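Read the structure below first, then the notes.
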Amino acid sequence: MSRTAEPWRGGRVTSRAWCVLAPNPGPMTLDGTNTWVLGEPGSGVAVVVDPGPDDQAHLDAVHERVHAVDAEVALVLLTHHHPDHAAGAAAFAAQAGAPLRAPTDGTALTVGGLRLEVLATPGHTADSVCFWLPDDAAILTGDTVLGRGTSVVAHPDGRLADYLASLARLHERSADAALLLPGHGPVLDDPAGALAAYREHRAQRLAQVEAAIAAGADGVDAVVAVVYADVDRALWPAAARSVAAQLEYLNARGA
Ligand SMILES: [Zn+2]
């Protein structure tokens, strides 16, 4: 796995990106959700990506971060609809008097001089997107790539064929990137290495699932028990969704 870049927890990460860590740690959310505050220095406006859970203290902390750089919120964006990223978004946007948008693939945004490009990256969920921040050579990856461990293909909303294509797309884009700013966990400073490791991990898991089926495992739970035997059982429900996605993928491929 790639090395991590510091600082990250609740601090300035690039000249245009600050992280505000939400107080919702857990097996799926790692240290908590990373809410990203983006802005061109001195512009007086900020873009907030993934306001996070519906937790007023956290939403207040995000507002404070925006005001600390003498900015007002001009736009609120989401990487995907999961509640740990989005549940507080409508309230946050309303409080800020800013629009909440879910932009589509290829959309190029310029907000107070800050440039962002939307990359559709379905797979974790059908609606997952990443944001390319060209002037900092950084990609905000949401839950498509995490700062630690691996992501979940949240079947049936998320689909493995989509996820593999999205990882390939991000891997290609990562040639120009210096940083990945994930939705959970630390910032990654070797984007190409992280994407290569993610693709390798997916290929390994798929081979393990195929081997488990060949050895007689029948159905999602049986496959999970074999393939995820060494993984904390608290993660098995999430693993079951990834296995369901893999079985669907293999069936569609005619394996
Ligand atoms: Zn998610």
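Letters for chains follow the order of the structure tokens (A, B, ...), residue numbers begin at 1 for each chain, and ligand numbers begin at 1 in the order shown.
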
If we count only C-alpha atoms and set the cut-off at 12 Å, which residues sit around A:Ala203, ignoring sequence neighbours fewer than 4 positions away in its own chain? Please answer as a PDB file with all heavy atoms, in the first residue's frame.
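Result file is selection_27.pdb:
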```
ATOM      1  N   LEU A 160     -19.602  -4.566  -9.537  1.00  0.00           N
ATOM      2  CA  LEU A 160     -18.154  -4.788  -9.649  1.00  0.00           C
ATOM      3  C   LEU A 160     -17.610  -4.391 -11.017  1.00  0.00           C
ATOM      4  O   LEU A 160     -16.516  -3.827 -11.111  1.00  0.00           O
ATOM      5  CB  LEU A 160     -17.818  -6.253  -9.333  1.00  0.00           C
ATOM      6  CG  LEU A 160     -16.321  -6.576  -9.345  1.00  0.00           C
ATOM      7  CD1 LEU A 160     -15.556  -5.746  -8.314  1.00  0.00           C
ATOM      8  CD2 LEU A 160     -16.078  -8.058  -9.125  1.00  0.00           C
ATOM      9  N   ALA A 161     -18.355  -4.689 -12.094  1.00  0.00           N
ATOM     10  CA  ALA A 161     -17.850  -4.332 -13.432  1.00  0.00           C
ATOM     11  C   ALA A 161     -17.626  -2.816 -13.503  1.00  0.00           C
ATOM     12  O   ALA A 161     -16.613  -2.351 -14.050  1.00  0.00           O
ATOM     13  CB  ALA A 161     -18.821  -4.793 -14.510  1.00  0.00           C
ATOM     14  N   TYR A 163     -17.061  -0.863 -10.922  1.00  0.00           N
ATOM     15  CA  TYR A 163     -15.976  -0.501 -10.006  1.00  0.00           C
ATOM     16  C   TYR A 163     -14.610  -0.740 -10.648  1.00  0.00           C
ATOM     17  O   TYR A 163     -13.712   0.108 -10.565  1.00  0.00           O
ATOM     18  CB  TYR A 163     -16.106  -1.283  -8.698  1.00  0.00           C
ATOM     19  CG  TYR A 163     -15.154  -0.818  -7.617  1.00  0.00           C
ATOM     20  CD1 TYR A 163     -15.201   0.484  -7.139  1.00  0.00           C
ATOM     21  CD2 TYR A 163     -14.205  -1.686  -7.095  1.00  0.00           C
ATOM     22  CE1 TYR A 163     -14.322   0.921  -6.153  1.00  0.00           C
ATOM     23  CE2 TYR A 163     -13.327  -1.268  -6.109  1.00  0.00           C
ATOM     24  CZ  TYR A 163     -13.390   0.038  -5.644  1.00  0.00           C
ATOM     25  OH  TYR A 163     -12.507   0.466  -4.675  1.00  0.00           O
ATOM     26  N   LEU A 164     -14.469  -1.889 -11.316  1.00  0.00           N
ATOM     27  CA  LEU A 164     -13.185  -2.192 -11.966  1.00  0.00           C
ATOM     28  C   LEU A 164     -12.879  -1.162 -13.056  1.00  0.00           C
ATOM     29  O   LEU A 164     -11.737  -0.719 -13.211  1.00  0.00           O
ATOM     30  CB  LEU A 164     -13.218  -3.613 -12.550  1.00  0.00           C
ATOM     31  CG  LEU A 164     -13.356  -4.741 -11.513  1.00  0.00           C
ATOM     32  CD1 LEU A 164     -13.459  -6.091 -12.217  1.00  0.00           C
ATOM     33  CD2 LEU A 164     -12.194  -4.738 -10.530  1.00  0.00           C
ATOM     34  N   LEU A 167     -11.778   2.037 -11.310  1.00  0.00           N
ATOM     35  CA  LEU A 167     -10.394   1.967 -10.834  1.00  0.00           C
ATOM     36  C   LEU A 167      -9.418   2.134 -11.995  1.00  0.00           C
ATOM     37  O   LEU A 167      -8.392   2.816 -11.867  1.00  0.00           O
ATOM     38  CB  LEU A 167     -10.141   0.639 -10.115  1.00  0.00           C
ATOM     39  CG  LEU A 167     -10.841   0.435  -8.772  1.00  0.00           C
ATOM     40  CD1 LEU A 167     -10.431  -0.928  -8.183  1.00  0.00           C
ATOM     41  CD2 LEU A 167     -10.521   1.541  -7.774  1.00  0.00           C
ATOM     42  N   ALA A 196      -2.890   0.951  -8.275  1.00  0.00           N
ATOM     43  CA  ALA A 196      -2.371  -0.362  -8.676  1.00  0.00           C
ATOM     44  C   ALA A 196      -2.675  -1.391  -7.590  1.00  0.00           C
ATOM     45  O   ALA A 196      -3.097  -2.517  -7.888  1.00  0.00           O
ATOM     46  CB  ALA A 196      -0.867  -0.272  -8.931  1.00  0.00           C
ATOM     47  N   ALA A 197      -2.499  -1.001  -6.317  1.00  0.00           N
ATOM     48  CA  ALA A 197      -2.763  -1.927  -5.213  1.00  0.00           C
ATOM     49  C   ALA A 197      -4.250  -2.272  -5.131  1.00  0.00           C
ATOM     50  O   ALA A 197      -4.622  -3.423  -4.882  1.00  0.00           O
ATOM     51  CB  ALA A 197      -2.280  -1.308  -3.898  1.00  0.00           C
ATOM     52  N   TYR A 198      -5.117  -1.291  -5.350  1.00  0.00           N
ATOM     53  CA  TYR A 198      -6.560  -1.553  -5.333  1.00  0.00           C
ATOM     54  C   TYR A 198      -6.957  -2.546  -6.431  1.00  0.00           C
ATOM     55  O   TYR A 198      -7.756  -3.447  -6.207  1.00  0.00           O
ATOM     56  CB  TYR A 198      -7.333  -0.240  -5.510  1.00  0.00           C
ATOM     57  CG  TYR A 198      -7.871   0.307  -4.214  1.00  0.00           C
ATOM     58  CD1 TYR A 198      -7.015   0.648  -3.179  1.00  0.00           C
ATOM     59  CD2 TYR A 198      -9.242   0.469  -4.019  1.00  0.00           C
ATOM     60  CE1 TYR A 198      -7.510   1.139  -1.981  1.00  0.00           C
ATOM     61  CE2 TYR A 198      -9.743   0.964  -2.831  1.00  0.00           C
ATOM     62  CZ  TYR A 198      -8.873   1.288  -1.814  1.00  0.00           C
ATOM     63  OH  TYR A 198      -9.364   1.765  -0.631  1.00  0.00           O
ATOM     64  N   ARG A 199      -6.401  -2.351  -7.628  1.00  0.00           N
ATOM     65  CA  ARG A 199      -6.759  -3.242  -8.745  1.00  0.00           C
ATOM     66  C   ARG A 199      -6.233  -4.648  -8.477  1.00  0.00           C
ATOM     67  O   ARG A 199      -6.916  -5.639  -8.752  1.00  0.00           O
ATOM     68  CB  ARG A 199      -6.209  -2.669 -10.048  1.00  0.00           C
ATOM     69  CG  ARG A 199      -6.843  -1.327 -10.377  1.00  0.00           C
ATOM     70  CD  ARG A 199      -6.248  -0.729 -11.629  1.00  0.00           C
ATOM     71  NE  ARG A 199      -6.770  -1.380 -12.828  1.00  0.00           N
ATOM     72  CZ  ARG A 199      -6.332  -1.111 -14.061  1.00  0.00           C
ATOM     73  NH1 ARG A 199      -5.364  -0.229 -14.247  1.00  0.00           N
ATOM     74  NH2 ARG A 199      -6.869  -1.713 -15.098  1.00  0.00           N
ATOM     75  N   ALA A 207     -10.239 -13.996  -7.617  1.00  0.00           N
ATOM     76  CA  ALA A 207      -9.656 -15.338  -7.756  1.00  0.00           C
ATOM     77  C   ALA A 207      -9.994 -16.197  -6.546  1.00  0.00           C
ATOM     78  O   ALA A 207     -10.282 -17.397  -6.678  1.00  0.00           O
ATOM     79  CB  ALA A 207      -8.140 -15.223  -7.925  1.00  0.00           C
ATOM     80  N   GLN A 208      -9.993 -15.592  -5.341  1.00  0.00           N
ATOM     81  CA  GLN A 208     -10.343 -16.336  -4.122  1.00  0.00           C
ATOM     82  C   GLN A 208     -11.801 -16.781  -4.150  1.00  0.00           C
ATOM     83  O   GLN A 208     -12.135 -17.890  -3.731  1.00  0.00           O
ATOM     84  CB  GLN A 208     -10.087 -15.473  -2.886  1.00  0.00           C
ATOM     85  CG  GLN A 208      -8.602 -15.253  -2.592  1.00  0.00           C
ATOM     86  CD  GLN A 208      -8.391 -14.196  -1.515  1.00  0.00           C
ATOM     87  OE1 GLN A 208      -9.252 -13.343  -1.280  1.00  0.00           O
ATOM     88  NE2 GLN A 208      -7.242 -14.231  -0.862  1.00  0.00           N
ATOM     89  N   VAL A 209     -12.669 -15.900  -4.643  1.00  0.00           N
ATOM     90  CA  VAL A 209     -14.094 -16.246  -4.727  1.00  0.00           C
ATOM     91  C   VAL A 209     -14.293 -17.388  -5.724  1.00  0.00           C
ATOM     92  O   VAL A 209     -15.026 -18.355  -5.451  1.00  0.00           O
ATOM     93  CB  VAL A 209     -14.931 -15.006  -5.114  1.00  0.00           C
ATOM     94  CG1 VAL A 209     -16.364 -15.400  -5.481  1.00  0.00           C
ATOM     95  CG2 VAL A 209     -14.937 -13.994  -3.962  1.00  0.00           C
ATOM     96  N   GLU A 210     -13.626 -17.304  -6.851  1.00  0.00           N
ATOM     97  CA  GLU A 210     -13.738 -18.379  -7.850  1.00  0.00           C
ATOM     98  C   GLU A 210     -13.237 -19.702  -7.271  1.00  0.00           C
ATOM     99  O   GLU A 210     -13.847 -20.759  -7.492  1.00  0.00           O
ATOM    100  CB  GLU A 210     -12.939 -18.020  -9.110  1.00  0.00           C
ATOM    101  CG  GLU A 210     -13.626 -16.966  -9.959  1.00  0.00           C
ATOM    102  CD  GLU A 210     -12.864 -16.700 -11.252  1.00  0.00           C
ATOM    103  OE1 GLU A 210     -11.749 -16.144 -11.178  1.00  0.00           O
ATOM    104  OE2 GLU A 210     -13.387 -17.057 -12.320  1.00  0.00           O
ATOM    105  N   GLN A 246     -19.439  -9.721  -6.521  1.00  0.00           N
ATOM    106  CA  GLN A 246     -18.508 -10.567  -7.278  1.00  0.00           C
ATOM    107  C   GLN A 246     -19.235 -11.741  -7.931  1.00  0.00           C
ATOM    108  O   GLN A 246     -18.930 -12.101  -9.071  1.00  0.00           O
ATOM    109  CB  GLN A 246     -17.389 -11.059  -6.346  1.00  0.00           C
ATOM    110  CG  GLN A 246     -16.473  -9.913  -5.932  1.00  0.00           C
ATOM    111  CD  GLN A 246     -15.403 -10.350  -4.945  1.00  0.00           C
ATOM    112  OE1 GLN A 246     -14.343 -10.803  -5.331  1.00  0.00           O
ATOM    113  NE2 GLN A 246     -15.685 -10.206  -3.666  1.00  0.00           N
TER     114      GLN A 246
END
```

Test item: residues no farther than 7 Å from ligand 1, counting only C-alpha atoms and all ligand atoms, as an mmCIF file with all heavy atoms, in the first residue's frame:
```
data_model
loop_
_atom_site.group_PDB
_atom_site.id
_atom_site.type_symbol
_atom_site.label_atom_id
_atom_site.label_comp_id
_atom_site.auth_asym_id
_atom_site.auth_seq_id
_atom_site.Cartn_x
_atom_site.Cartn_y
_atom_site.Cartn_z
ATOM 1 N N HIS A 80 -21.131 10.840 -3.112
ATOM 2 C CA HIS A 80 -22.173 9.824 -3.280
ATOM 3 C C HIS A 80 -23.183 9.995 -2.147
ATOM 4 O O HIS A 80 -22.990 10.818 -1.259
ATOM 5 C CB HIS A 80 -21.598 8.402 -3.326
ATOM 6 C CG HIS A 80 -20.924 7.929 -2.070
ATOM 7 N ND1 HIS A 80 -19.823 8.562 -1.524
ATOM 8 C CD2 HIS A 80 -21.193 6.880 -1.244
ATOM 9 C CE1 HIS A 80 -19.458 7.923 -0.427
ATOM 10 N NE2 HIS A 80 -20.274 6.897 -0.221
ATOM 11 N N HIS A 82 -24.336 8.022 0.360
ATOM 12 C CA HIS A 82 -24.332 7.334 1.656
ATOM 13 C C HIS A 82 -24.427 8.341 2.811
ATOM 14 O O HIS A 82 -23.816 9.403 2.776
ATOM 15 C CB HIS A 82 -23.069 6.477 1.811
ATOM 16 C CG HIS A 82 -23.182 5.145 1.108
ATOM 17 N ND1 HIS A 82 -22.096 4.351 0.825
ATOM 18 C CD2 HIS A 82 -24.264 4.485 0.627
ATOM 19 C CE1 HIS A 82 -22.507 3.242 0.219
ATOM 20 N NE2 HIS A 82 -23.818 3.300 0.078
ATOM 21 N N HIS A 124 -18.600 1.645 -6.032
ATOM 22 C CA HIS A 124 -18.928 1.627 -4.591
ATOM 23 C C HIS A 124 -20.433 1.840 -4.464
ATOM 24 O O HIS A 124 -21.122 1.113 -3.737
ATOM 25 C CB HIS A 124 -18.133 2.704 -3.861
ATOM 26 C CG HIS A 124 -18.578 2.919 -2.449
ATOM 27 N ND1 HIS A 124 -18.420 1.979 -1.463
ATOM 28 C CD2 HIS A 124 -19.212 3.967 -1.864
ATOM 29 C CE1 HIS A 124 -18.926 2.440 -0.339
ATOM 30 N NE2 HIS A 124 -19.415 3.638 -0.546
ATOM 31 N N ASP A 143 -15.564 7.371 -1.403
ATOM 32 C CA ASP A 143 -15.351 6.006 -0.921
ATOM 33 C C ASP A 143 -14.848 5.079 -2.020
ATOM 34 O O ASP A 143 -14.752 3.866 -1.806
ATOM 35 C CB ASP A 143 -16.652 5.428 -0.337
ATOM 36 C CG ASP A 143 -16.948 5.995 1.040
ATOM 37 O OD1 ASP A 143 -16.176 6.856 1.514
ATOM 38 O OD2 ASP A 143 -17.965 5.580 1.634
#
```

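The nearest approach to A:Thr104 among the residues A:Leu78, A:Ala177, A:Ala87, A:Val152, with only C-alpha atoms taken into account, belongs to A:Leu78.
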
Closest pair table for stretch 87-179 of chain A residues within 10 Å of stretch 216-240 of chain A, only C-alpha atoms, as CSV:
```
residue,atom,partner,partner_atom,distance
A:Ser151,CA,A:Ala238,CA,9.5
A:Val152,CA,A:Ala238,CA,6.7
A:Val153,CA,A:Ala238,CA,8.5
A:Ala154,CA,A:Ala238,CA,7.5
A:His155,CA,A:Ala240,CA,8.7
```

Please report, as a tab-separated table, each residue of stretch 143-241 of chain A lying at most 8 Å from stretch 32-46 of chain A, together with the nearest pair of atoms and the separation in Å rounded to one decimal; use only C-alpha atoms, and order rows by chain and ascending residue number.
```
residue	atom	partner	partner_atom	distance
A:Pro182	CA	A:Asn34	CA	7.2
A:Gly183	CA	A:Asn34	CA	5.0
A:His184	CA	A:Thr33	CA	5.2
A:Gly185	CA	A:Gly32	CA	7.5
```

Excluding A:Thr14 and residues on its chain fewer than 2 positions from it, collect all residues at most 10 Å away from it, counting only C-alpha atoms, and give them as a PDB file with C-alpha atoms, in the first residue's frame.
```
ATOM      1  CA  PRO A   7      -0.931  16.566   7.932  1.00  0.00           C
ATOM      2  CA  TRP A   8      -4.431  15.310   7.518  1.00  0.00           C
ATOM      3  CA  GLY A  11      -5.914  20.417   8.929  1.00  0.00           C
ATOM      4  CA  ARG A  12      -4.721  22.022   5.766  1.00  0.00           C
ATOM      5  CA  ARG A  16      -6.583  24.719  -1.668  1.00  0.00           C
ATOM      6  CA  ALA A  17      -7.890  21.886   0.563  1.00  0.00           C
ATOM      7  CA  TRP A  18      -8.648  21.582   4.263  1.00  0.00           C
ATOM      8  CA  CYS A  19     -10.017  18.462   5.978  1.00  0.00           C
ATOM      9  CA  LEU A  38     -11.836  23.710  -0.933  1.00  0.00           C
ATOM     10  CA  ASP A 135      -4.172  23.115  -9.610  1.00  0.00           C
ATOM     11  CA  ASP A 136      -3.220  20.917  -6.633  1.00  0.00           C
ATOM     12  CA  ALA A 137      -2.848  17.729  -8.734  1.00  0.00           C
ATOM     13  CA  ALA A 138      -5.203  16.036  -6.274  1.00  0.00           C
ATOM     14  CA  LEU A 179      -2.350  13.206  -3.908  1.00  0.00           C
ATOM     15  CA  LEU A 181      -7.906  12.950  -0.788  1.00  0.00           C
TER      16      LEU A 181
END
```

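Considering the residues A:Thr79, A:Thr121, A:Thr29, A:Gln204 and counting only C-alpha atoms, A:Val49 has its shortest atom-to-atom contact with A:Thr79.
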